[in-house]
file input-v1.pdb (PDB, C-alpha atoms)
MODEL        1
ATOM      1  CA  MET A  14       0.000   0.000   0.000
ATOM      2  CA  ILE A  15       1.218   3.508  -0.887
ATOM      3  CA  PRO A  16       1.348   5.962   2.008
ATOM      4  CA  PRO A  17      -0.807   9.097   1.639
ATOM      5  CA  CYS A  18       0.887  12.230   0.288
ATOM      6  CA  ARG A  19       1.887  14.715   2.880
ATOM      7  CA  PRO A  20       3.308  18.143   2.265
ATOM      8  CA  ARG A  21       7.037  18.200   2.561
ATOM      9  CA  ARG A  22       7.669  20.378   5.526
ATOM     10  CA  SER A  23      11.373  20.563   4.878
ATOM     11  CA  SER A  24      10.819  22.002   1.375
ATOM     12  CA  LEU A  25       8.315  24.535   2.674
ATOM     13  CA  SER A  26      10.633  25.471   5.517
ATOM     14  CA  ARG A  27      13.532  25.980   3.134
ATOM     15  CA  ALA A  28      11.439  28.140   0.812
ATOM     16  CA  LEU A  29      10.225  30.245   3.733
ATOM     17  CA  LEU A  30      13.754  30.603   5.081
ATOM     18  CA  ALA A  31      15.048  31.648   1.640
ATOM     19  CA  ALA A  32      12.283  34.268   1.313
ATOM     20  CA  ILE A  33      13.083  35.672   4.754
ATOM     21  CA  LEU A  34      16.803  35.846   3.946
ATOM     22  CA  VAL A  35      16.221  37.675   0.664
ATOM     23  CA  CYS A  36      13.879  40.194   2.309
ATOM     24  CA  THR A  37      16.346  40.741   5.141
ATOM     25  CA  CYS A  38      19.322  41.296   2.864
ATOM     26  CA  VAL A  39      17.387  43.649   0.593
ATOM     27  CA  ALA A  40      16.207  45.693   3.580
ATOM     28  CA  ARG A  41      19.734  45.857   4.995
ATOM     29  CA  VAL A  42      21.540  46.956   1.864
ATOM     30  CA  ALA A  43      18.772  49.145   0.438
ATOM     31  CA  ARG A  44      18.896  51.504   3.397
ATOM     32  CA  ALA A  45      20.001  55.047   2.562
ATOM     33  CA  GLU A  46      23.288  56.145   4.049
ATOM     34  CA  THR A  47      23.881  59.527   5.680
ATOM     35  CA  TYR A  48      27.175  61.303   5.004
ATOM     36  CA  VAL A  49      28.502  64.312   6.901
ATOM     37  CA  VAL A  50      30.173  67.418   5.485
ATOM     38  CA  GLU A  51      31.789  69.678   8.067
ATOM     39  CA  VAL A  52      31.887  73.424   7.478
ATOM     40  CA  SER A  53      34.493  75.135   9.616
ATOM     41  CA  ASN A  54      36.150  78.535   9.357
ATOM     42  CA  PHE A  55      36.403  78.929   5.583
ATOM     43  CA  ALA A  56      36.683  75.257   4.635
ATOM     44  CA  ILE A  57      34.295  72.532   3.499
ATOM     45  CA  GLU A  58      35.416  68.995   4.274
ATOM     46  CA  PRO A  59      35.177  66.987   2.112
ATOM     47  CA  GLN A  60      34.791  69.335  -0.843
ATOM     48  CA  ALA A  61      33.634  66.498  -3.114
ATOM     49  CA  LEU A  62      31.514  63.730  -1.648
ATOM     50  CA  THR A  63      30.426  60.879  -3.936
ATOM     51  CA  ILE A  64      27.251  59.107  -2.848
ATOM     52  CA  GLN A  65      24.510  56.896  -4.321
ATOM     53  CA  ALA A  66      21.012  57.979  -5.285
ATOM     54  CA  GLY A  67      18.799  57.907  -2.205
ATOM     55  CA  ASP A  68      21.591  58.820   0.206
ATOM     56  CA  VAL A  69      21.534  61.872   2.473
ATOM     57  CA  VAL A  70      24.193  64.535   3.002
ATOM     58  CA  GLU A  71      24.217  66.432   6.286
ATOM     59  CA  TRP A  72      26.149  69.687   6.508
ATOM     60  CA  ARG A  73      27.313  70.464  10.070
ATOM     61  CA  ILE A  74      28.445  73.965  10.931
ATOM     62  CA  VAL A  75      31.487  73.586  13.176
ATOM     63  CA  SER A  76      32.368  77.271  13.369
ATOM     64  CA  GLY A  77      31.228  80.551  11.907
ATOM     65  CA  ARG A  78      28.038  81.309   9.991
ATOM     66  CA  HIS A  79      27.554  79.401   6.732
ATOM     67  CA  SER A  80      25.021  77.902   4.331
ATOM     68  CA  ALA A  81      24.760  74.994   1.902
ATOM     69  CA  THR A  82      23.087  76.371  -1.201
ATOM     70  CA  SER A  83      22.821  74.493  -4.488
ATOM     71  CA  LYS A  84      24.018  76.292  -7.576
ATOM     72  CA  ASP A  85      20.685  75.648  -9.349
ATOM     73  CA  ALA A  86      18.559  76.650  -6.308
ATOM     74  CA  ALA A  87      17.333  73.067  -5.749
ATOM     75  CA  TRP A  88      17.997  73.474  -2.012
ATOM     76  CA  ASP A  89      19.137  76.169   0.388
ATOM     77  CA  SER A  90      19.867  75.725   4.074
ATOM     78  CA  ASP A  91      19.748  79.470   4.736
ATOM     79  CA  GLU A  92      22.506  80.775   6.986
ATOM     80  CA  LEU A  93      23.272  78.471   9.893
ATOM     81  CA  GLU A  94      25.286  79.177  13.022
ATOM     82  CA  ARG A  95      27.793  77.001  14.857
ATOM     83  CA  GLY A  96      26.248  73.741  16.054
ATOM     84  CA  ALA A  97      23.437  73.748  13.482
ATOM     85  CA  SER A  98      23.046  71.253  10.661
ATOM     86  CA  PHE A  99      21.105  70.815   7.440
ATOM     87  CA  ALA A 100      20.337  67.585   5.575
ATOM     88  CA  GLN A 101      19.449  66.973   1.935
ATOM     89  CA  GLN A 102      18.486  63.687   0.291
ATOM     90  CA  PHE A 103      19.624  63.127  -3.305
ATOM     91  CA  ALA A 104      17.144  61.017  -5.264
ATOM     92  CA  ALA A 105      18.549  61.265  -8.794
ATOM     93  CA  PRO A 106      22.042  60.624 -10.180
ATOM     94  CA  GLY A 107      23.999  63.679 -11.284
ATOM     95  CA  VAL A 108      26.551  66.210 -10.066
ATOM     96  CA  TYR A 109      25.264  68.798  -7.612
ATOM     97  CA  PRO A 110      27.505  71.827  -7.052
ATOM     98  CA  TYR A 111      26.858  73.989  -3.995
ATOM     99  CA  PHE A 112      28.342  76.991  -2.205
ATOM    100  CA  CYS A 113      28.150  79.017   0.996
ATOM    101  CA  THR A 114      26.014  82.116   0.466
ATOM    102  CA  PRO A 115      27.988  84.459   2.770
ATOM    103  CA  HIS A 116      31.314  83.131   1.416
ATOM    104  CA  VAL A 117      30.834  82.342  -2.291
ATOM    105  CA  PHE A 118      34.446  81.144  -2.603
ATOM    106  CA  MET A 119      33.503  78.167  -0.376
ATOM    107  CA  ARG A 120      32.305  75.554  -2.857
ATOM    108  CA  GLY A 121      31.723  71.838  -3.012
ATOM    109  CA  THR A 122      30.141  69.152  -5.141
ATOM    110  CA  VAL A 123      28.041  66.088  -4.503
ATOM    111  CA  PRO A 124      28.429  63.567  -7.342
ATOM    112  CA  VAL A 125      25.502  61.133  -7.074
ATOM    113  CA  LEU A 126      25.836  57.702  -8.660
ATOM    114  CA  GLU A 127      22.956  55.463  -9.683
ATOM    115  CA  ALA A 128      21.829  53.216  -6.838
ATOM    116  CA  PRO A 129      22.654  49.524  -7.294
ATOM    117  CA  SER A 130      19.967  47.214  -8.647
ATOM    118  CA  LEU A 131      18.220  44.666  -6.438
ATOM    119  CA  TRP A 132      20.389  41.890  -7.887
ATOM    120  CA  GLN A 133      23.583  43.894  -7.204
ATOM    121  CA  ARG A 134      22.470  44.474  -3.604
ATOM    122  CA  VAL A 135      21.699  40.776  -3.095
ATOM    123  CA  LYS A 136      25.085  39.768  -4.573
ATOM    124  CA  ALA A 137      26.863  42.278  -2.335
ATOM    125  CA  TRP A 138      25.036  40.999   0.719
ATOM    126  CA  LEU A 139      25.808  37.375  -0.134
ATOM    127  CA  ALA A 140      29.480  38.204  -0.687
ATOM    128  CA  GLY A 141      29.653  39.796   2.759
ATOM    129  CA  ALA A 142      27.598  37.062   4.435
ATOM    130  CA  TRP A 143      29.764  34.137   3.337
TER     131      TRP A 143
ENDMDL
END
call {"tool": "encode", "arguments": {"input": "input-v1.pdb", "output": "structure tokens"}}
result
Amino acid sequence: MIPPCRPRRSSLSRALLAAILVCTCVARVARAETYVVEVSNFAIEPQALTIQAGDVVEWRIVSGRHSATSKDAAWDSDELERGASFAQQFAAPGVYPYFCTPHVFMRGTVPVLEAPSLWQRVKAWLAGAW
């Protein structure tokens, strides 16, 4: 006599585990990063900061009175005093030049690269996990 068919719990468990792992790795590596630019005296550090689309740049005023103003007026922090900060998220790839309104010789750029695809993020996660 042939035994009745039962669902294979081990196959279902493996499929569920695989789905959970993929969701976890995508959530981990898809998170936007925040990068800091320090504005002190008459210097911007770093002057060029390369990020990926979706990431955030936070300008922190260490000393003096400064702003972070995009050249094309896409964003403007207004003038900020020591201890203040301003954050801007960059959704699209491109190069974003900016300057300090009170000190126009203080300039920087934010080159924004295209964010990695889902497959690239999964491969990166797997490479780091093994």
call {"tool": "residues_around", "arguments": {"input": "input-v1.pdb", "residues": "A:Ala128", "least_positions_apart": "4", "cutoff": "12 Å", "atoms": "only C-alpha atoms", "output": "list in words"}}
result
Val42, Ala43, Arg44, Ala45, Glu46, Thr63, Ile64, Gln65, Ala66, Gly67, Asp68, Phe103, Ala104, Ala105, Pro106, Gly107, Trp132, Gln133 and Arg134 of chain A
call {"tool": "closest_residue", "arguments": {"input": "input-v1.pdb", "among": "A:Thr114, A:Leu93, A:Tyr48, A:His79", "to": "A:Ala61", "atoms": "only C-alpha atoms"}}
result
A:Tyr48
call {"tool": "closest_residue", "arguments": {"input": "input-v1.pdb", "among": "A:Ser80, A:Ser90, A:Ser98, A:Thr47", "to": "A:Leu62", "atoms": "all atoms listed in the file"}}
result
A:Thr47
call {"tool": "atom_distance", "arguments": {"input": "input-v1.pdb", "atom1": "atom CA of A:Val49", "atom2": "atom CA of A:Val70"}}
result
5.8 Å
call {"tool": "residues_around", "arguments": {"input": "input-v1.pdb", "residues": "stretch 58-60 of chain A", "least_positions_apart": "5", "cutoff": "12 Å", "atoms": "all atoms listed in the file", "output": "PDB file with C-alpha atoms, in the frame of the given file"}}
result
ATOM      1  CA  TYR A  48      27.175  61.303   5.004  1.00  0.00           C
ATOM      2  CA  VAL A  49      28.502  64.312   6.901  1.00  0.00           C
ATOM      3  CA  VAL A  50      30.173  67.418   5.485  1.00  0.00           C
ATOM      4  CA  GLU A  51      31.789  69.678   8.067  1.00  0.00           C
ATOM      5  CA  VAL A  52      31.887  73.424   7.478  1.00  0.00           C
ATOM      6  CA  SER A  53      34.493  75.135   9.616  1.00  0.00           C
ATOM      7  CA  VAL A  70      24.193  64.535   3.002  1.00  0.00           C
ATOM      8  CA  GLU A  71      24.217  66.432   6.286  1.00  0.00           C
ATOM      9  CA  TRP A  72      26.149  69.687   6.508  1.00  0.00           C
ATOM     10  CA  ARG A  73      27.313  70.464  10.070  1.00  0.00           C
ATOM     11  CA  ILE A  74      28.445  73.965  10.931  1.00  0.00           C
ATOM     12  CA  VAL A  75      31.487  73.586  13.176  1.00  0.00           C
ATOM     13  CA  ALA A  81      24.760  74.994   1.902  1.00  0.00           C
ATOM     14  CA  TYR A 109      25.264  68.798  -7.612  1.00  0.00           C
ATOM     15  CA  PRO A 110      27.505  71.827  -7.052  1.00  0.00           C
ATOM     16  CA  TYR A 111      26.858  73.989  -3.995  1.00  0.00           C
ATOM     17  CA  PHE A 112      28.342  76.991  -2.205  1.00  0.00           C
ATOM     18  CA  CYS A 113      28.150  79.017   0.996  1.00  0.00           C
ATOM     19  CA  PHE A 118      34.446  81.144  -2.603  1.00  0.00           C
ATOM     20  CA  MET A 119      33.503  78.167  -0.376  1.00  0.00           C
ATOM     21  CA  ARG A 120      32.305  75.554  -2.857  1.00  0.00           C
ATOM     22  CA  GLY A 121      31.723  71.838  -3.012  1.00  0.00           C
ATOM     23  CA  THR A 122      30.141  69.152  -5.141  1.00  0.00           C
ATOM     24  CA  VAL A 123      28.041  66.088  -4.503  1.00  0.00           C
ATOM     25  CA  PRO A 124      28.429  63.567  -7.342  1.00  0.00           C
TER      26      PRO A 124
END
call {"tool": "atom_distance", "arguments": {"input": "input-v1.pdb", "atom1": "atom CA of A:Gly96", "atom2": "atom CA of A:Val117"}}
result
20.8 Å
call {"tool": "atom_distance", "arguments": {"input": "input-v1.pdb", "atom1": "atom CA of A:Val125", "atom2": "atom CA of A:Leu139"}}
result
24.8 Å
call {"tool": "closest_residue", "arguments": {"input": "input-v1.pdb", "among": "A:Glu92, A:His116, A:Val108, A:Gln101", "to": "A:Ile57", "atoms": "all atoms listed in the file"}}
result
A:His116
call {"tool": "closest_residue", "arguments": {"input": "input-v1.pdb", "among": "A:Gln102, A:Ala56, A:Lys136, A:Leu126", "to": "A:Ala87", "atoms": "only C-alpha atoms"}}
result
A:Gln102
call {"tool": "axis_aligned_box", "arguments": {"input": "input-v1.pdb", "around": "stretch 121-132 of chain A", "padding_each_side": "3 Å", "output": "AutoDock Vina command-line options"}}
result
--center_x 25.0 --center_y 56.9 --center_z -6.3 --size_x 19.5 --size_y 35.9 --size_z 12.7
call {"tool": "build_atoms", "arguments": {"input": "input-v1.pdb", "residues": "stretch 115-126 of chain A", "atoms": "all heavy atoms", "output": "mmCIF file, in the frame of the given file"}}
result
data_model
loop_
_atom_site.group_PDB
_atom_site.id
_atom_site.type_symbol
_atom_site.label_atom_id
_atom_site.label_comp_id
_atom_site.auth_asym_id
_atom_site.auth_seq_id
_atom_site.Cartn_x
_atom_site.Cartn_y
_atom_site.Cartn_z
ATOM 1 N N PRO A 115 27.186 83.331 2.299
ATOM 2 C CA PRO A 115 27.988 84.459 2.770
ATOM 3 C C PRO A 115 29.437 84.436 2.269
ATOM 4 O O PRO A 115 30.111 85.461 2.286
ATOM 5 C CB PRO A 115 27.974 84.323 4.290
ATOM 6 C CG PRO A 115 27.004 83.280 4.624
ATOM 7 C CD PRO A 115 26.729 82.495 3.397
ATOM 8 N N HIS A 116 29.919 83.269 1.855
ATOM 9 C CA HIS A 116 31.314 83.131 1.416
ATOM 10 C C HIS A 116 31.316 82.356 0.095
ATOM 11 O O HIS A 116 31.605 81.162 0.076
ATOM 12 C CB HIS A 116 32.139 82.390 2.465
ATOM 13 C CG HIS A 116 31.918 82.869 3.859
ATOM 14 N ND1 HIS A 116 31.154 82.183 4.775
ATOM 15 C CD2 HIS A 116 32.345 83.993 4.492
ATOM 16 C CE1 HIS A 116 31.128 82.840 5.914
ATOM 17 N NE2 HIS A 116 31.836 83.956 5.770
ATOM 18 N N VAL A 117 31.026 83.020 -1.002
ATOM 19 C CA VAL A 117 30.834 82.342 -2.291
ATOM 20 C C VAL A 117 32.068 81.591 -2.789
ATOM 21 O O VAL A 117 31.944 80.727 -3.660
ATOM 22 C CB VAL A 117 30.323 83.311 -3.375
ATOM 23 C CG1 VAL A 117 28.932 83.783 -3.045
ATOM 24 C CG2 VAL A 117 31.268 84.480 -3.558
ATOM 25 N N PHE A 118 33.242 81.881 -2.228
ATOM 26 C CA PHE A 118 34.446 81.144 -2.603
ATOM 27 C C PHE A 118 34.473 79.747 -1.973
ATOM 28 O O PHE A 118 35.260 78.895 -2.384
ATOM 29 C CB PHE A 118 35.707 81.930 -2.203
ATOM 30 C CG PHE A 118 35.774 82.235 -0.737
ATOM 31 C CD1 PHE A 118 36.355 81.341 0.150
ATOM 32 C CD2 PHE A 118 35.245 83.430 -0.237
ATOM 33 C CE1 PHE A 118 36.414 81.623 1.503
ATOM 34 C CE2 PHE A 118 35.298 83.715 1.116
ATOM 35 C CZ PHE A 118 35.876 82.810 1.995
ATOM 36 N N MET A 119 33.606 79.498 -0.991
ATOM 37 C CA MET A 119 33.503 78.167 -0.376
ATOM 38 C C MET A 119 32.544 77.341 -1.227
ATOM 39 O O MET A 119 31.343 77.607 -1.252
ATOM 40 C CB MET A 119 32.989 78.273 1.062
ATOM 41 C CG MET A 119 33.931 78.969 2.002
ATOM 42 S SD MET A 119 33.245 79.158 3.668
ATOM 43 C CE MET A 119 33.079 77.463 4.186
ATOM 44 N N ARG A 120 33.107 76.349 -1.924
ATOM 45 C CA ARG A 120 32.305 75.554 -2.857
ATOM 46 C C ARG A 120 32.567 74.067 -2.655
ATOM 47 O O ARG A 120 33.643 73.678 -2.212
ATOM 48 C CB ARG A 120 32.649 75.917 -4.294
ATOM 49 C CG ARG A 120 32.387 77.357 -4.628
ATOM 50 C CD ARG A 120 32.980 77.727 -5.974
ATOM 51 N NE ARG A 120 32.872 79.148 -6.193
ATOM 52 C CZ ARG A 120 31.985 79.702 -6.995
ATOM 53 N NH1 ARG A 120 31.136 78.953 -7.660
ATOM 54 N NH2 ARG A 120 31.938 81.006 -7.139
ATOM 55 N N GLY A 121 31.575 73.287 -3.052
ATOM 56 C CA GLY A 121 31.723 71.838 -3.012
ATOM 57 C C GLY A 121 30.827 71.197 -4.051
ATOM 58 O O GLY A 121 30.006 71.868 -4.686
ATOM 59 N N THR A 122 30.994 69.905 -4.219
ATOM 60 C CA THR A 122 30.141 69.152 -5.141
ATOM 61 C C THR A 122 29.719 67.837 -4.505
ATOM 62 O O THR A 122 30.453 67.268 -3.677
ATOM 63 C CB THR A 122 30.850 68.827 -6.475
ATOM 64 O OG1 THR A 122 32.035 68.098 -6.196
ATOM 65 C CG2 THR A 122 31.162 70.072 -7.268
ATOM 66 N N VAL A 123 28.546 67.392 -4.916
ATOM 67 C CA VAL A 123 28.041 66.088 -4.503
ATOM 68 C C VAL A 123 27.754 65.286 -5.775
ATOM 69 O O VAL A 123 26.688 65.433 -6.366
ATOM 70 C CB VAL A 123 26.768 66.205 -3.636
ATOM 71 C CG1 VAL A 123 26.289 64.826 -3.202
ATOM 72 C CG2 VAL A 123 27.009 67.086 -2.419
ATOM 73 N N PRO A 124 28.714 64.466 -6.231
ATOM 74 C CA PRO A 124 28.429 63.567 -7.342
ATOM 75 C C PRO A 124 27.567 62.408 -6.833
ATOM 76 O O PRO A 124 27.918 61.752 -5.853
ATOM 77 C CB PRO A 124 29.810 63.069 -7.782
ATOM 78 C CG PRO A 124 30.784 64.031 -7.169
ATOM 79 C CD PRO A 124 30.129 64.520 -5.917
ATOM 80 N N VAL A 125 26.443 62.182 -7.485
ATOM 81 C CA VAL A 125 25.502 61.133 -7.074
ATOM 82 C C VAL A 125 25.468 60.053 -8.147
ATOM 83 O O VAL A 125 25.133 60.328 -9.298
ATOM 84 C CB VAL A 125 24.091 61.711 -6.838
ATOM 85 C CG1 VAL A 125 23.125 60.615 -6.417
ATOM 86 C CG2 VAL A 125 24.133 62.816 -5.786
ATOM 87 N N LEU A 126 25.836 58.842 -7.755
ATOM 88 C CA LEU A 126 25.836 57.702 -8.660
ATOM 89 C C LEU A 126 24.486 56.997 -8.619
ATOM 90 O O LEU A 126 23.757 57.108 -7.630
ATOM 91 C CB LEU A 126 26.931 56.710 -8.262
ATOM 92 C CG LEU A 126 28.344 57.276 -8.133
ATOM 93 C CD1 LEU A 126 29.292 56.203 -7.622
ATOM 94 C CD2 LEU A 126 28.809 57.824 -9.463
#
